[in-house]
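Okay, my_file_4.txt now, which holds compact mmCIF, C-alpha atoms:
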```
# COMPACT_ATOMS: atom_id res chain seq x y z
CA MET A 802 -150.05 -127.76 -69.60
CA ASP A 803 -146.39 -127.32 -70.76
CA ARG A 804 -143.64 -128.93 -68.88
CA GLY A 805 -142.47 -126.92 -65.89
CA THR A 806 -139.16 -125.40 -65.22
CA TYR A 807 -137.68 -128.74 -64.28
CA GLY A 808 -139.02 -130.47 -67.35
CA PHE A 809 -141.72 -132.54 -65.50
CA ASP A 810 -145.25 -133.01 -66.53
CA PRO A 811 -147.41 -131.41 -63.87
CA GLU A 812 -149.71 -134.48 -64.04
CA ASP A 813 -146.78 -136.78 -63.49
CA GLU A 814 -147.02 -138.44 -60.09
CA GLU A 815 -143.29 -138.40 -59.78
CA HIS A 816 -143.30 -134.67 -60.45
CA ASP A 817 -145.82 -134.21 -57.65
CA GLU A 818 -143.61 -136.20 -55.36
CA PHE A 819 -140.67 -134.11 -56.42
CA MET A 820 -142.56 -130.87 -55.92
CA GLU A 821 -143.66 -132.03 -52.51
CA THR A 822 -140.16 -132.94 -51.41
CA GLY A 823 -138.56 -130.04 -53.11
CA SER A 824 -135.30 -131.86 -53.83
CA THR A 825 -133.73 -134.60 -55.98
CA ARG A 826 -133.35 -136.72 -52.85
CA GLY A 827 -137.05 -136.38 -52.08
CA TRP A 828 -137.88 -137.43 -55.63
CA GLY A 829 -135.91 -140.68 -55.23
CA ALA A 830 -137.67 -141.42 -51.98
CA GLY A 831 -141.03 -140.96 -53.69
CA ARG A 832 -140.15 -143.53 -56.34
CA LYS A 833 -139.09 -145.93 -53.62
CA ASP A 834 -142.40 -145.47 -51.81
CA LYS A 835 -144.27 -146.12 -55.03
CA HIS A 836 -142.36 -149.33 -55.63
CA GLN A 837 -143.07 -150.42 -52.09
CA ARG A 838 -146.75 -149.78 -52.60
CA ASP A 839 -146.68 -151.65 -55.87
CA THR A 840 -144.87 -154.54 -54.21
CA ALA A 841 -147.33 -154.61 -51.33
CA ALA A 842 -150.26 -154.57 -53.77
CA TRP A 843 -148.69 -157.37 -55.79
CA CYS A 844 -148.12 -159.41 -52.62
CA ARG A 845 -151.74 -158.89 -51.63
CA TRP A 846 -152.86 -160.00 -55.08
CA LEU A 847 -150.54 -163.01 -54.95
CA ARG A 848 -151.82 -164.00 -51.52
CA GLU A 849 -155.38 -163.71 -52.72
CA GLU A 850 -154.62 -165.77 -55.82
CA VAL A 851 -152.79 -168.41 -53.80
CA ALA A 852 -155.57 -168.50 -51.19
CA GLU A 853 -158.21 -168.79 -53.91
CA ASP A 854 -156.25 -171.58 -55.60
CA ILE A 855 -155.84 -173.37 -52.30
CA ASN A 856 -159.56 -173.06 -51.67
CA ARG A 857 -160.32 -174.44 -55.14
CA GLN A 858 -157.97 -177.37 -54.60
CA THR A 859 -159.36 -177.96 -51.10
CA ASP A 860 -162.93 -177.95 -52.42
CA ALA A 861 -161.97 -180.33 -55.21
CA LEU A 862 -160.15 -182.61 -52.77
CA THR A 863 -163.09 -182.50 -50.35
CA THR A 864 -165.48 -183.37 -53.15
CA ARG A 865 -163.30 -186.29 -54.26
CA THR A 866 -162.86 -187.44 -50.66
CA GLU A 867 -166.61 -187.33 -50.01
CA ALA A 868 -167.26 -189.24 -53.21
CA ARG A 869 -164.69 -191.86 -52.29
CA THR A 870 -166.04 -192.02 -48.75
CA ASP A 871 -169.54 -192.60 -50.08
CA ALA A 872 -168.20 -195.30 -52.38
CA VAL A 873 -166.33 -196.93 -49.50
CA LEU A 874 -169.41 -196.78 -47.29
CA ARG A 875 -171.53 -198.32 -50.02
CA ALA A 876 -168.93 -201.02 -50.51
CA VAL A 877 -168.74 -201.66 -46.78
CA GLY A 878 -172.52 -201.79 -46.57
CA GLY A 879 -172.65 -204.31 -49.38
CA LEU A 880 -169.86 -206.28 -47.74
CA GLY A 881 -171.77 -206.32 -44.46
CA GLU A 882 -174.83 -207.75 -46.17
CA ARG A 883 -172.71 -210.39 -47.88
CA LEU A 884 -171.02 -211.23 -44.58
CA ASP A 885 -174.42 -211.61 -42.92
CA ALA A 886 -175.51 -213.95 -45.68
CA VAL A 887 -172.29 -215.94 -45.35
CA ALA A 888 -172.73 -216.08 -41.56
CA ARG A 889 -176.26 -217.43 -41.97
CA ASN A 890 -175.05 -220.05 -44.42
CA VAL A 891 -172.19 -221.02 -42.11
CA GLU A 892 -174.56 -221.27 -39.15
CA SER A 893 -176.91 -223.51 -41.12
CA LEU A 894 -173.99 -225.66 -42.16
CA LEU A 895 -172.66 -225.84 -38.61
CA ASN A 896 -176.08 -226.84 -37.32
CA ALA A 897 -176.27 -229.61 -39.89
CA LEU A 898 -172.75 -230.74 -39.08
CA ARG A 899 -173.46 -230.50 -35.37
CA ASP A 900 -176.50 -232.74 -35.65
CA GLN A 901 -174.57 -235.22 -37.75
CA GLY A 902 -171.63 -234.92 -35.39
CA VAL A 903 -173.87 -235.82 -32.47
CA ARG A 904 -175.01 -238.96 -34.27
CA ASP A 905 -171.47 -239.88 -35.25
CA ALA A 906 -170.12 -239.17 -31.75
CA ILE A 907 -172.75 -241.26 -30.08
CA ASP A 908 -172.46 -244.05 -32.65
CA ALA A 909 -168.69 -244.12 -32.14
CA GLY A 910 -168.95 -243.88 -28.35
CA ARG A 911 -167.48 -240.37 -28.07
CA ALA A 912 -169.04 -237.72 -25.81
CA THR A 913 -168.00 -234.61 -27.69
CA SER A 914 -171.19 -232.64 -28.35
CA ASP A 915 -173.47 -230.37 -26.34
CA VAL A 916 -176.48 -232.49 -27.30
CA HIS A 917 -174.73 -235.62 -26.13
CA ARG A 918 -173.78 -234.01 -22.84
CA ARG A 919 -177.39 -232.93 -22.41
CA HIS A 920 -178.50 -236.52 -22.97
CA LEU A 921 -176.01 -237.66 -20.34
CA GLU A 922 -177.52 -235.15 -17.88
CA LEU A 923 -181.05 -236.32 -18.66
CA ALA A 924 -180.06 -239.98 -18.36
CA HIS A 925 -178.59 -239.23 -14.93
CA THR A 926 -181.79 -237.43 -13.91
CA TYR A 927 -183.83 -240.41 -15.08
CA GLN A 928 -181.75 -242.85 -13.04
CA THR A 929 -181.91 -240.63 -9.95
CA LEU A 930 -185.68 -240.34 -10.19
CA VAL A 931 -186.02 -244.12 -10.41
CA THR A 932 -183.56 -245.11 -7.70
CA GLN A 933 -184.58 -242.43 -5.21
CA SER A 934 -187.95 -240.75 -5.84
CA LEU A 935 -189.75 -243.72 -7.39
CA ARG A 936 -188.25 -246.11 -4.82
CA GLU A 937 -189.84 -244.00 -2.08
CA LEU A 938 -193.16 -243.91 -3.94
CA GLY A 939 -193.01 -247.70 -4.25
CA ARG A 940 -192.58 -247.97 -0.51
CA LEU A 941 -195.63 -245.72 0.09
CA LEU A 942 -197.71 -247.59 -2.48
CA CYS A 943 -196.89 -250.98 -0.96
CA PRO A 944 -197.07 -251.04 2.85
CA LYS A 945 -196.11 -254.33 4.45
CA ASP A 946 -198.89 -256.91 4.40
CA GLY A 947 -199.06 -258.96 7.60
CA ASP A 948 -196.31 -261.55 7.87
CA GLU A 949 -195.12 -260.92 4.32
CA GLY A 950 -191.49 -261.91 3.83
CA ARG A 951 -188.74 -259.43 3.04
CA THR A 952 -188.12 -260.69 -0.49
CA GLU A 953 -191.80 -260.69 -1.40
CA LEU A 954 -192.27 -257.18 -0.04
CA ALA A 955 -189.22 -255.96 -1.98
CA ARG A 956 -190.61 -257.66 -5.12
CA ARG A 957 -194.04 -255.99 -4.79
CA ARG A 958 -192.46 -252.57 -4.29
CA ALA A 959 -190.12 -253.09 -7.24
CA GLN A 960 -193.12 -254.07 -9.40
CA ALA A 961 -194.89 -250.88 -8.32
CA VAL A 962 -191.84 -248.88 -9.41
CA ALA A 963 -191.82 -250.70 -12.75
CA HIS A 964 -195.44 -249.62 -13.28
CA LEU A 965 -194.52 -246.04 -12.39
CA VAL A 966 -191.67 -246.03 -14.92
CA VAL A 967 -194.06 -247.06 -17.71
CA LEU A 968 -196.73 -244.56 -16.70
CA LEU A 969 -194.32 -241.65 -16.21
CA PHE A 970 -191.68 -242.13 -18.89
CA GLN A 971 -193.24 -243.97 -21.81
CA PRO A 972 -192.77 -242.64 -24.46
CA LEU A 973 -189.66 -240.79 -23.30
CA ASP A 974 -189.24 -238.61 -26.41
CA GLN A 975 -192.72 -237.05 -26.23
CA PRO A 976 -194.07 -234.46 -23.78
CA MET A 977 -196.35 -235.66 -21.00
CA SER A 978 -199.90 -235.79 -22.37
CA GLY A 979 -201.90 -236.93 -19.34
CA ALA A 980 -202.60 -235.47 -15.92
CA PRO A 981 -201.28 -236.81 -12.60
CA GLU A 982 -204.81 -237.85 -11.60
CA GLY A 983 -204.93 -240.28 -14.51
CA ILE A 984 -201.76 -242.04 -13.39
CA VAL A 985 -202.98 -242.17 -9.80
CA ALA A 986 -206.24 -243.75 -11.00
CA ARG A 987 -204.28 -246.37 -12.95
CA LEU A 988 -202.17 -247.18 -9.88
CA ARG A 989 -205.35 -247.55 -7.84
CA GLU A 990 -206.69 -250.03 -10.39
CA LEU A 991 -203.53 -252.09 -9.82
CA GLY A 992 -204.46 -252.40 -6.15
CA LEU A 993 -201.82 -249.99 -4.86
CA ALA A 994 -202.28 -247.69 -1.86
CA THR A 995 -202.79 -244.29 -3.48
CA GLU A 996 -204.89 -242.57 -0.82
CA GLY A 997 -202.13 -241.58 1.56
CA ALA A 998 -201.45 -237.84 1.88
CA GLN A 999 -197.70 -238.44 1.86
CA PHE A 1000 -197.90 -240.34 -1.41
CA ARG A 1001 -200.09 -237.66 -3.04
CA GLY A 1002 -197.71 -234.88 -2.04
CA GLN A 1003 -194.57 -236.65 -3.22
CA PHE A 1004 -196.17 -237.93 -6.41
CA ALA A 1005 -197.08 -234.41 -7.54
CA ALA A 1006 -193.41 -233.38 -7.37
CA VAL A 1007 -192.25 -236.55 -9.13
CA PHE A 1008 -194.83 -236.09 -11.88
CA ARG A 1009 -193.59 -232.54 -12.48
CA ARG A 1010 -189.95 -233.66 -12.71
CA ALA A 1011 -190.86 -236.52 -15.05
CA ALA A 1012 -192.72 -234.09 -17.30
CA GLU A 1013 -189.68 -231.77 -17.40
CA LEU A 1014 -187.43 -234.72 -18.27
CA ARG A 1015 -189.62 -235.78 -21.18
CA GLU A 1016 -189.81 -232.21 -22.49
CA GLY A 1017 -186.01 -231.99 -22.29
CA VAL A 1018 -185.61 -235.18 -24.34
CA ALA A 1019 -188.24 -234.11 -26.87
CA GLY A 1020 -186.49 -230.77 -27.39
CA LEU A 1021 -183.16 -232.26 -28.50
CA ALA A 1022 -182.14 -232.80 -32.11
CA LEU A 1023 -181.27 -236.43 -31.45
CA THR A 1024 -184.00 -238.50 -29.86
CA ALA A 1025 -183.80 -240.98 -27.00
CA GLU A 1026 -185.98 -243.79 -25.72
CA LEU A 1027 -186.22 -246.43 -23.02
CA ASP A 1028 -185.30 -249.96 -24.06
CA PHE A 1029 -188.30 -251.94 -22.82
CA ALA A 1030 -187.55 -254.75 -25.26
CA VAL A 1031 -184.51 -256.01 -23.37
CA ASP A 1032 -184.69 -259.46 -21.78
CA PRO A 1033 -183.23 -258.94 -18.29
CA THR A 1034 -182.83 -262.68 -17.66
CA ALA A 1035 -180.37 -262.87 -20.56
CA LEU A 1036 -178.17 -260.02 -19.37
CA PRO A 1037 -174.69 -260.68 -17.93
CA ALA A 1038 -174.17 -259.41 -14.40
CA ASP A 1039 -172.06 -256.45 -15.55
CA HIS A 1040 -174.73 -255.30 -18.03
CA TYR A 1041 -177.43 -254.36 -15.53
CA GLN A 1042 -177.83 -252.50 -12.25
CA PRO A 1043 -179.44 -254.53 -9.43
CA TRP A 1044 -182.37 -252.90 -7.66
CA GLU A 1045 -180.96 -253.82 -4.28
CA GLN A 1046 -177.37 -252.80 -3.66
CA GLN A 1047 -176.63 -255.91 -1.60
CA GLN A 1048 -177.12 -259.20 -3.42
CA ALA A 1049 -175.94 -262.77 -3.04
CA ASP A 1050 -173.38 -264.19 -5.41
CA ASP A 1051 -175.91 -266.69 -6.75
CA ALA A 1052 -178.64 -264.08 -7.41
CA TYR A 1053 -180.20 -263.92 -10.86
CA PRO A 1054 -182.20 -261.22 -12.68
CA GLU A 1055 -185.95 -261.73 -12.40
CA PHE A 1056 -187.67 -258.79 -14.10
CA LEU A 1057 -187.00 -255.32 -15.52
CA ILE A 1058 -187.78 -252.33 -13.35
CA ALA A 1059 -186.33 -249.40 -15.34
CA PRO A 1060 -185.04 -249.80 -18.92
CA ALA A 1061 -181.79 -248.32 -20.14
CA TYR A 1062 -181.78 -244.75 -21.50
CA VAL A 1063 -180.84 -245.22 -25.16
CA VAL A 1064 -179.86 -242.46 -27.59
CA GLY A 1065 -180.76 -243.13 -31.21
CA GLY A 1066 -178.56 -243.18 -34.27
CA ASP A 1067 -177.26 -245.68 -36.78
CA ARG A 1068 -175.87 -247.60 -33.82
CA PRO A 1069 -178.00 -246.73 -30.74
CA ARG A 1070 -176.05 -246.29 -27.53
CA SER A 1071 -177.15 -246.84 -23.94
CA LEU A 1072 -176.32 -244.04 -21.52
CA SER A 1073 -177.49 -245.98 -18.50
CA ARG A 1074 -177.75 -249.61 -17.51
CA PRO A 1075 -181.15 -251.25 -17.09
CA ILE A 1076 -182.26 -251.59 -13.47
CA VAL A 1077 -183.29 -255.13 -12.66
CA PHE A 1078 -184.89 -256.86 -9.71
CA VAL A 1079 -182.55 -259.64 -8.66
CA THR A 1080 -183.72 -262.73 -6.76
CA PRO A 1081 -181.38 -264.86 -4.65
CA ARG A 1082 -181.54 -268.48 -5.78
CA GLY A 1083 -183.40 -270.83 -3.49
CA ARG A 1084 -185.48 -268.02 -1.92
CA PRO A 1085 -189.18 -267.32 -2.52
```

Target format structure tokens, applied to this file:
Amino acid sequence: MDRGTYGFDPEDEEHDEFMETGSTRGWGAGRKDKHQRDTAAWCRWLREEVAEDINRQTDALTTRTEARTDAVLRAVGGLGERLDAVARNVESLLNALRDQGVRDAIDAGRATSDVHRRHLELAHTYQTLVTQSLRELGRLLCPKDGDEGRTELARRRAQAVAHLVVLLFQPLDQPMSGAPEGIVARLRELGLATEGAQFRGQFAAVFRRAAELREGVAGLALTAELDFAVDPTALPADHYQPWEQQQADDAYPEFLIAPAYVVGGDRPRSLSRPIVFVTPRGRP
């Protein structure tokens, strides 16, 4: 179609806008509206492009982050395994050093280890059993015989306790292997009074405590034993514990009742003094 009266192409959008407005002012407003639409469309396109670019960058960053996280987790996992291995090695080393430290501490006379402290506890239990529980058993095993003198009666009871120490605690570093009936039978063979109900009841409890003591010693890394080889008659007065608390100044050691509790090592150390029966000089 030819251009119209106003020289516009009828297909021209601006001509349509002009025809619709019917004035030059309306035509300018139409162009402005078109530019606004174009600007809005361009803004929408720009937002979409920016959003898409942001999404691409976010996805890429997420992918890299996940990859790095996986790498970190793998590294941490490997580090954990290595730390566990190091911890096991350190524990083994500490155990070895601890055992050696116990030996060194005891050899040097220092009480610095758990094992040593445990030995001190067991040595105290051993002494308490001898001086209290076994003393009472000795009294029950040896009732007074007629006009028997005090010293002789005390000697017989101390000898009975000495037998009990051997039967209950030797060897100290091994668990109890026999039954209480076997020890009672041995005491009966020695001529001791084993038939009393009071003795039987108390002996069962003492046997159980002696068995626990020996198991405690056997379970420690550093062994202990009782020094039966000591010659009590050669001991100075401050190197033994007298069986009777009261003793004369001229008393002398007669025989061993309970040996010292000795912890092994390059230089064995006694954790208790031997208990000795002491006889006053000039008395039977």

- Query: To one decimal place, how far is CA of Val967 (chain A) from CA of Asp1039 (chain A) in Å?
  - Reply: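 Separation of CA of Val967 (chain A) and CA of Asp1039 (chain A): 24.0 Å.
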
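Across the structure, CA of Val1079 (chain A) and CA of Trp1044 (chain A) are spaced 6.8 Å apart.
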
- Task: Quote the spacing between CA of Phe970 (chain A) and CA of Ala1035 (chain A) in Å to one decimal place.
- Result: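 Spanning CA of Phe970 (chain A) to CA of Ala1035 (chain A) is a straight-line distance of 23.7 Å.
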
Hey, can I get the axis-aligned box for region 1018-1028 of chain A? All listed atoms, 4 Å padding on each side, centre and edge lengths in Å to one decimal, as JSON.
```
{"center_x": -184.8, "center_y": -240.4, "center_z": -27.6, "size_x": 15.0, "size_y": 27.2, "size_z": 17.1}
```

Would you tabulate, counting all atoms listed in the file, all residues of region 949-1003 of chain A that have an atom at most 8 Å from an atom of region 1024-1032 of chain A, showing the closest pair of atoms and their distance in Å to one decimal, sorted by chain then ascending number, as CSV?
```
residue,atom,partner,partner_atom,distance
A:Gln971,CA,A:Leu1027,CA,7.5
A:Pro972,CA,A:Glu1026,CA,7.0
A:Leu973,CA,A:Glu1026,CA,5.3
A:Asp974,CA,A:Ala1025,CA,6.0
```

- Query: Of the residues A:Thr995, A:Glu1016, A:Thr1080, A:Asp834, which is the one nearest to Ala1052 (chain A), using all atoms listed in the file?
  - Reply: A:Thr1080

- Message: Quick one: residues within 12 Å of Gln1003 (chain A), only C-alpha atoms, excluding same-chain residues fewer than 3 positions away - as a list in words?
- Response: Leu930, Gln933, Ser934, Leu935, Arg936, Glu937, Leu938, Gly939, Arg940, Leu941, Leu942, Pro981, Thr995, Gly997, Ala998, Gln999, Phe1000, Ala1006, Val1007, Phe1008, Arg1009 and Arg1010 of chain A
